[in-house]
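Asks: Next comes my_file.cif, mmCIF, N, CA and C atoms and all ligand atoms:
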```cif
data_input
#
loop_
_atom_site.label_atom_id
_atom_site.label_comp_id
_atom_site.auth_asym_id
_atom_site.auth_seq_id
_atom_site.Cartn_x
_atom_site.Cartn_y
_atom_site.Cartn_z
N MET A 13 35.23 -10.08 12.40
CA MET A 13 34.58 -9.17 11.47
C MET A 13 33.18 -9.70 11.13
N SER A 14 32.18 -8.84 11.28
CA SER A 14 30.82 -9.26 10.97
C SER A 14 30.39 -8.71 9.62
N ALA A 15 29.24 -9.21 9.16
CA ALA A 15 28.71 -8.74 7.88
C ALA A 15 28.40 -7.25 7.94
N LEU A 16 28.04 -6.76 9.13
CA LEU A 16 27.73 -5.34 9.26
C LEU A 16 28.95 -4.46 9.06
N ASP A 17 30.15 -5.00 9.32
CA ASP A 17 31.37 -4.22 9.10
C ASP A 17 31.54 -3.88 7.62
N ASP A 18 31.05 -4.75 6.76
CA ASP A 18 31.19 -4.54 5.32
C ASP A 18 30.00 -3.81 4.72
N ALA A 19 28.95 -3.59 5.51
CA ALA A 19 27.72 -3.01 4.97
C ALA A 19 27.96 -1.65 4.34
N VAL A 20 27.27 -1.42 3.24
CA VAL A 20 27.31 -0.12 2.57
C VAL A 20 26.12 0.68 3.08
N ARG A 21 26.38 1.87 3.56
CA ARG A 21 25.31 2.71 4.10
C ARG A 21 24.92 3.75 3.06
N PHE A 22 23.59 3.93 2.92
CA PHE A 22 23.08 4.92 1.97
C PHE A 22 21.74 5.41 2.46
N THR A 23 21.23 6.45 1.83
CA THR A 23 19.89 6.92 2.19
C THR A 23 18.98 6.80 0.99
N PHE A 24 17.71 6.50 1.25
CA PHE A 24 16.69 6.50 0.22
C PHE A 24 15.54 7.35 0.71
N ASP A 25 15.28 8.43 0.03
CA ASP A 25 14.24 9.39 0.42
C ASP A 25 14.36 9.74 1.90
N GLY A 26 15.60 9.92 2.34
CA GLY A 26 15.87 10.35 3.70
C GLY A 26 15.97 9.24 4.73
N ARG A 27 15.67 7.99 4.31
CA ARG A 27 15.77 6.86 5.25
C ARG A 27 17.16 6.28 5.20
N ASP A 28 17.74 6.00 6.35
CA ASP A 28 19.05 5.36 6.41
C ASP A 28 18.89 3.86 6.17
N LEU A 29 19.61 3.34 5.17
CA LEU A 29 19.54 1.93 4.82
C LEU A 29 20.94 1.37 4.67
N THR A 30 21.05 0.06 4.68
CA THR A 30 22.33 -0.60 4.43
C THR A 30 22.13 -1.70 3.40
N ALA A 31 23.22 -2.06 2.75
CA ALA A 31 23.18 -3.13 1.75
C ALA A 31 24.54 -3.82 1.72
N ALA A 32 24.58 -4.91 1.02
CA ALA A 32 25.83 -5.66 0.89
C ALA A 32 26.72 -4.99 -0.15
N PRO A 33 28.02 -5.06 0.04
CA PRO A 33 28.93 -4.50 -0.97
C PRO A 33 28.74 -5.19 -2.31
N GLY A 34 28.87 -4.43 -3.37
CA GLY A 34 28.77 -4.99 -4.71
C GLY A 34 27.39 -4.98 -5.31
N GLN A 35 26.39 -4.54 -4.53
CA GLN A 35 25.04 -4.48 -5.08
C GLN A 35 24.84 -3.22 -5.91
N THR A 36 23.94 -3.28 -6.85
CA THR A 36 23.51 -2.08 -7.54
C THR A 36 22.53 -1.34 -6.64
N VAL A 37 22.23 -0.11 -7.00
CA VAL A 37 21.25 0.66 -6.24
C VAL A 37 19.90 -0.06 -6.26
N GLY A 38 19.51 -0.58 -7.41
CA GLY A 38 18.23 -1.28 -7.52
C GLY A 38 18.18 -2.51 -6.63
N ALA A 39 19.23 -3.31 -6.66
CA ALA A 39 19.27 -4.50 -5.82
C ALA A 39 19.25 -4.14 -4.34
N ALA A 40 19.95 -3.07 -4.00
CA ALA A 40 19.98 -2.64 -2.60
C ALA A 40 18.59 -2.19 -2.15
N LEU A 41 17.85 -1.49 -3.02
CA LEU A 41 16.51 -1.06 -2.65
C LEU A 41 15.59 -2.26 -2.45
N VAL A 42 15.63 -3.21 -3.37
CA VAL A 42 14.77 -4.40 -3.26
C VAL A 42 15.15 -5.19 -2.01
N THR A 43 16.44 -5.32 -1.74
CA THR A 43 16.89 -6.02 -0.54
C THR A 43 16.30 -5.39 0.72
N ASN A 44 16.11 -4.08 0.67
CA ASN A 44 15.53 -3.36 1.82
C ASN A 44 14.01 -3.29 1.78
N GLY A 45 13.40 -4.02 0.85
CA GLY A 45 11.94 -4.07 0.80
C GLY A 45 11.30 -2.96 -0.01
N VAL A 46 12.11 -2.16 -0.69
CA VAL A 46 11.57 -1.08 -1.52
C VAL A 46 11.44 -1.63 -2.94
N THR A 47 10.22 -1.83 -3.40
CA THR A 47 10.03 -2.43 -4.73
C THR A 47 9.50 -1.45 -5.76
N ALA A 48 9.07 -0.28 -5.35
CA ALA A 48 8.61 0.75 -6.29
C ALA A 48 9.08 2.10 -5.78
N TRP A 49 9.65 2.89 -6.69
CA TRP A 49 10.18 4.19 -6.25
C TRP A 49 9.88 5.30 -7.24
N ARG A 50 9.14 5.03 -8.27
CA ARG A 50 8.67 6.11 -9.14
C ARG A 50 7.32 5.72 -9.71
N GLY A 51 6.60 6.70 -10.27
CA GLY A 51 5.31 6.43 -10.86
C GLY A 51 5.32 6.79 -12.33
N THR A 52 4.46 6.13 -13.10
CA THR A 52 4.35 6.47 -14.52
C THR A 52 3.80 7.89 -14.66
N ARG A 53 4.10 8.53 -15.78
CA ARG A 53 3.74 9.94 -15.96
C ARG A 53 2.24 10.17 -15.94
N LYS A 54 1.48 9.38 -16.67
CA LYS A 54 0.06 9.67 -16.81
C LYS A 54 -0.76 9.22 -15.61
N GLU A 55 -0.53 8.02 -15.14
CA GLU A 55 -1.39 7.48 -14.10
C GLU A 55 -0.70 7.23 -12.77
N GLY A 56 0.60 7.50 -12.72
CA GLY A 56 1.31 7.34 -11.47
C GLY A 56 1.42 5.91 -10.98
N ARG A 57 1.37 4.98 -11.92
CA ARG A 57 1.48 3.58 -11.51
C ARG A 57 2.90 3.29 -11.02
N PRO A 58 3.02 2.51 -9.95
CA PRO A 58 4.34 2.30 -9.34
C PRO A 58 5.28 1.49 -10.23
N ARG A 59 6.53 1.92 -10.23
CA ARG A 59 7.57 1.24 -11.01
C ARG A 59 8.83 1.10 -10.16
N GLY A 60 9.57 0.02 -10.42
CA GLY A 60 10.86 -0.23 -9.78
C GLY A 60 11.69 -1.02 -10.76
N LEU A 61 12.30 -2.11 -10.29
CA LEU A 61 13.07 -2.96 -11.21
C LEU A 61 12.12 -3.74 -12.11
N PHE A 62 12.42 -3.83 -13.38
CA PHE A 62 11.66 -4.67 -14.30
C PHE A 62 12.62 -5.55 -15.07
N CYS A 63 13.39 -4.98 -15.97
CA CYS A 63 14.31 -5.82 -16.75
C CYS A 63 15.58 -6.13 -15.97
N GLY A 64 16.03 -5.18 -15.18
CA GLY A 64 17.24 -5.38 -14.39
C GLY A 64 18.53 -5.33 -15.17
N ILE A 65 18.45 -4.96 -16.46
CA ILE A 65 19.66 -4.92 -17.29
C ILE A 65 19.81 -3.62 -18.07
N GLY A 66 19.10 -2.58 -17.68
CA GLY A 66 19.30 -1.28 -18.30
C GLY A 66 18.53 -1.03 -19.58
N VAL A 67 17.52 -1.81 -19.86
CA VAL A 67 16.79 -1.67 -21.12
C VAL A 67 15.47 -0.90 -20.96
N CYS A 68 14.71 -1.15 -19.90
CA CYS A 68 13.33 -0.65 -19.83
C CYS A 68 13.19 0.76 -19.26
N PHE A 69 14.15 1.24 -18.52
CA PHE A 69 14.11 2.56 -17.87
C PHE A 69 13.00 2.68 -16.83
N ASP A 70 12.48 1.58 -16.34
CA ASP A 70 11.46 1.64 -15.28
C ASP A 70 12.06 2.03 -13.93
N CYS A 71 13.35 1.88 -13.77
CA CYS A 71 13.96 1.96 -12.44
C CYS A 71 14.63 3.30 -12.16
N LEU A 72 14.27 4.37 -12.87
CA LEU A 72 14.97 5.64 -12.73
C LEU A 72 14.93 6.19 -11.31
N VAL A 73 16.08 6.67 -10.87
CA VAL A 73 16.23 7.29 -9.55
C VAL A 73 17.14 8.51 -9.69
N THR A 74 17.18 9.30 -8.66
CA THR A 74 18.15 10.39 -8.56
C THR A 74 19.23 9.96 -7.58
N VAL A 75 20.47 9.97 -8.03
CA VAL A 75 21.59 9.54 -7.20
C VAL A 75 22.53 10.71 -6.98
N ASP A 76 22.70 11.08 -5.73
CA ASP A 76 23.58 12.21 -5.38
C ASP A 76 23.25 13.45 -6.21
N GLY A 77 21.97 13.69 -6.41
CA GLY A 77 21.51 14.88 -7.12
C GLY A 77 21.46 14.76 -8.62
N VAL A 78 21.90 13.64 -9.17
CA VAL A 78 21.87 13.44 -10.62
C VAL A 78 20.63 12.61 -10.96
N SER A 79 19.71 13.22 -11.68
CA SER A 79 18.44 12.55 -11.96
C SER A 79 18.56 11.56 -13.12
N ASN A 80 17.52 10.76 -13.27
CA ASN A 80 17.37 9.81 -14.38
C ASN A 80 18.50 8.78 -14.47
N GLN A 81 18.92 8.29 -13.34
CA GLN A 81 19.92 7.22 -13.30
C GLN A 81 19.20 5.88 -13.22
N ARG A 82 19.65 4.92 -14.01
CA ARG A 82 19.03 3.60 -13.95
C ARG A 82 19.57 2.84 -12.73
N ALA A 83 18.69 2.59 -11.77
CA ALA A 83 19.10 1.96 -10.51
C ALA A 83 19.71 0.59 -10.73
N CYS A 84 19.31 -0.08 -11.79
CA CYS A 84 19.83 -1.44 -12.03
C CYS A 84 21.26 -1.42 -12.56
N LEU A 85 21.76 -0.25 -12.96
CA LEU A 85 23.12 -0.17 -13.52
C LEU A 85 24.11 0.56 -12.63
N VAL A 86 23.61 1.29 -11.63
CA VAL A 86 24.49 2.10 -10.79
C VAL A 86 24.96 1.26 -9.60
N ASP A 87 26.28 1.13 -9.47
CA ASP A 87 26.83 0.42 -8.31
C ASP A 87 26.65 1.28 -7.06
N LEU A 88 26.15 0.68 -6.01
CA LEU A 88 25.94 1.39 -4.76
C LEU A 88 27.28 1.69 -4.10
N CYS A 89 27.43 2.92 -3.63
CA CYS A 89 28.63 3.33 -2.90
C CYS A 89 28.23 3.86 -1.53
N ASP A 90 29.15 3.72 -0.58
CA ASP A 90 28.89 4.17 0.77
C ASP A 90 28.58 5.67 0.77
N GLY A 91 27.52 6.06 1.46
CA GLY A 91 27.14 7.46 1.60
C GLY A 91 26.27 8.01 0.49
N MET A 92 25.91 7.18 -0.48
CA MET A 92 25.07 7.66 -1.57
C MET A 92 23.72 8.15 -1.06
N GLU A 93 23.22 9.20 -1.70
CA GLU A 93 21.88 9.71 -1.41
C GLU A 93 21.01 9.39 -2.62
N VAL A 94 20.06 8.49 -2.42
CA VAL A 94 19.20 8.03 -3.51
C VAL A 94 17.79 8.56 -3.26
N ARG A 95 17.18 9.06 -4.32
CA ARG A 95 15.81 9.55 -4.20
C ARG A 95 14.95 8.97 -5.30
N GLY A 96 13.74 8.58 -4.92
CA GLY A 96 12.75 8.18 -5.90
C GLY A 96 11.85 9.36 -6.19
N SER A 97 10.81 9.14 -6.97
CA SER A 97 9.91 10.25 -7.26
C SER A 97 8.52 10.05 -6.68
N LEU A 98 8.26 8.91 -6.07
CA LEU A 98 6.93 8.69 -5.50
C LEU A 98 6.64 9.69 -4.38
N ALA A 99 7.63 9.95 -3.54
CA ALA A 99 7.43 10.90 -2.45
C ALA A 99 7.19 12.29 -3.00
N ASP A 100 7.89 12.66 -4.08
CA ASP A 100 7.73 13.98 -4.69
C ASP A 100 6.35 14.13 -5.29
N ASP A 101 5.84 13.04 -5.89
CA ASP A 101 4.55 13.10 -6.58
C ASP A 101 3.37 13.21 -5.63
N ALA A 102 3.55 12.79 -4.39
CA ALA A 102 2.44 12.70 -3.46
C ALA A 102 1.71 14.02 -3.28
N GLY A 103 2.44 15.13 -3.23
CA GLY A 103 1.80 16.41 -3.00
C GLY A 103 1.71 17.27 -4.23
N ALA A 104 2.12 16.72 -5.38
CA ALA A 104 2.13 17.52 -6.60
C ALA A 104 0.72 17.73 -7.13
N PRO A 105 0.44 18.91 -7.66
CA PRO A 105 -0.88 19.13 -8.24
C PRO A 105 -1.05 18.29 -9.50
N ASP A 106 -2.27 17.90 -9.77
CA ASP A 106 -2.58 17.17 -10.98
C ASP A 106 -2.25 18.06 -12.18
N SER A 107 -1.60 17.52 -13.22
CA SER A 107 -1.19 18.34 -14.35
C SER A 107 -2.38 18.96 -15.07
N SER A 108 -3.54 18.31 -15.04
CA SER A 108 -4.72 18.89 -15.69
C SER A 108 -5.17 20.15 -14.97
N ASP A 109 -4.96 20.21 -13.65
CA ASP A 109 -5.32 21.40 -12.90
C ASP A 109 -4.43 22.57 -13.32
N VAL A 110 -3.14 22.30 -13.51
CA VAL A 110 -2.19 23.36 -13.84
C VAL A 110 -2.46 23.87 -15.25
N SER A 111 -2.68 22.96 -16.22
CA SER A 111 -2.86 23.40 -17.59
C SER A 111 -4.16 24.18 -17.76
N ALA A 112 -5.12 23.93 -16.91
CA ALA A 112 -6.38 24.66 -17.00
C ALA A 112 -6.30 26.01 -16.29
N GLY A 113 -5.14 26.29 -15.69
CA GLY A 113 -4.98 27.57 -15.02
C GLY A 113 -5.56 27.59 -13.61
N ALA A 114 -5.92 26.44 -13.09
CA ALA A 114 -6.50 26.39 -11.76
C ALA A 114 -5.42 26.61 -10.71
N ASP A 115 -5.82 27.15 -9.61
CA ASP A 115 -4.91 27.34 -8.49
C ASP A 115 -4.68 25.98 -7.85
N PRO A 116 -3.41 25.48 -7.81
CA PRO A 116 -3.15 24.16 -7.22
C PRO A 116 -3.62 24.07 -5.78
N ASP A 117 -3.57 25.17 -5.05
CA ASP A 117 -3.99 25.11 -3.65
C ASP A 117 -5.51 24.89 -3.54
N SER A 118 -6.27 25.50 -4.43
CA SER A 118 -7.71 25.29 -4.37
C SER A 118 -8.08 23.89 -4.85
N ALA A 119 -7.28 23.33 -5.79
CA ALA A 119 -7.53 21.97 -6.26
C ALA A 119 -7.33 20.99 -5.12
N GLU A 120 -6.40 21.29 -4.25
CA GLU A 120 -6.12 20.42 -3.11
C GLU A 120 -7.36 20.25 -2.24
N GLU A 121 -8.18 21.29 -2.14
CA GLU A 121 -9.36 21.23 -1.29
C GLU A 121 -10.42 20.26 -1.80
N THR A 122 -10.43 19.99 -3.09
CA THR A 122 -11.46 19.13 -3.66
C THR A 122 -11.10 17.66 -3.63
N ARG A 123 -9.86 17.33 -3.23
CA ARG A 123 -9.42 15.93 -3.23
C ARG A 123 -9.90 15.21 -2.01
S1 LIG A 201 15.15 -2.26 -14.52
FE1 LIG A 201 15.03 -1.90 -16.63
S2 LIG A 201 16.43 -0.28 -16.99
FE2 LIG A 201 16.65 -0.75 -14.89
#
```
Rewrite the coordinates I just gave you, this time as structure tokens.

Replies:
Amino acid sequence: MSALDDAVRFTFDGRDLTAAPGQTVGAALVTNGVTAWRGTRKEGRPRGLFCGIGVCFDCLVTVDGVSNQRACLVDLCDGMEVRGSLADDAGAPDSSDVSAGADPDSAEETR
């Protein structure tokens, strides 16, 4: 029996990844080299694990369609679908464009 036989398989933003049994989602992401998976609301600064004990809420992810889960507290299970928000934010219109009534498509042209 090899270590791969015990590996837990999951996806992160559509990428197939594996981790060791018993890891949290946050630990599994860091083990796979993913250190930031969401951005702050105002400036989009990257966030991932910070406190690691469920206090700071920096590590929020969507797990199997349930949003706002703390990655540092959720035990990873085989087949989990984990999503961050950095990929979602990449094409999102700037909130100032939307509140001013600007067409998000025309704002895209000025970037
Ligand atoms: S890293 Fe702080 S709540 Fe998860």

Asks: Please extract the residues at most 8 Å from ligand LIG 201 (chain A), counting all atoms listed in the file, and provide them as a list in words, using the chain letters and residue numbers of this document.

Replies: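 Based on all atoms listed in the file, ligand LIG 201 (chain A) is surrounded within 8 Å by Gly38, Gly60, Leu61, Phe62, Cys63, Gly64, Ile65, Gly66, Val67, Cys68, Phe69, Asp70, Cys71, Leu72, Gln81, Arg82, Ala83, Cys84, Leu85 and Val86 of chain A.
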
Asks: So which one's closest to A:Val73, A:Val37, A:Asn44, A:Arg53, A:Cys89? Using only C-alpha atoms, please.

Replies: A:Val37

Asks: Under the rule that only C-alpha atoms are counted, which of A:Gly45, A:Gly96, A:Gly77, A:Pro58 is the nearest residue to A:Leu29?

Replies: A:Gly45

Asks: Restricting the calculation to only N, CA and C atoms: of A:Ala40, A:Gly56, A:Pro33, A:Trp49, which residue gets closest to A:Arg95?

Replies: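 Smallest separation from A:Arg95 among the options: A:Trp49.
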
Asks: Restricting the calculation to only N, CA and C atoms, which member of A:Thr30, A:Thr23, A:Thr47, A:Asn80 is positioned closest to A:Met92?

Replies: A:Thr23
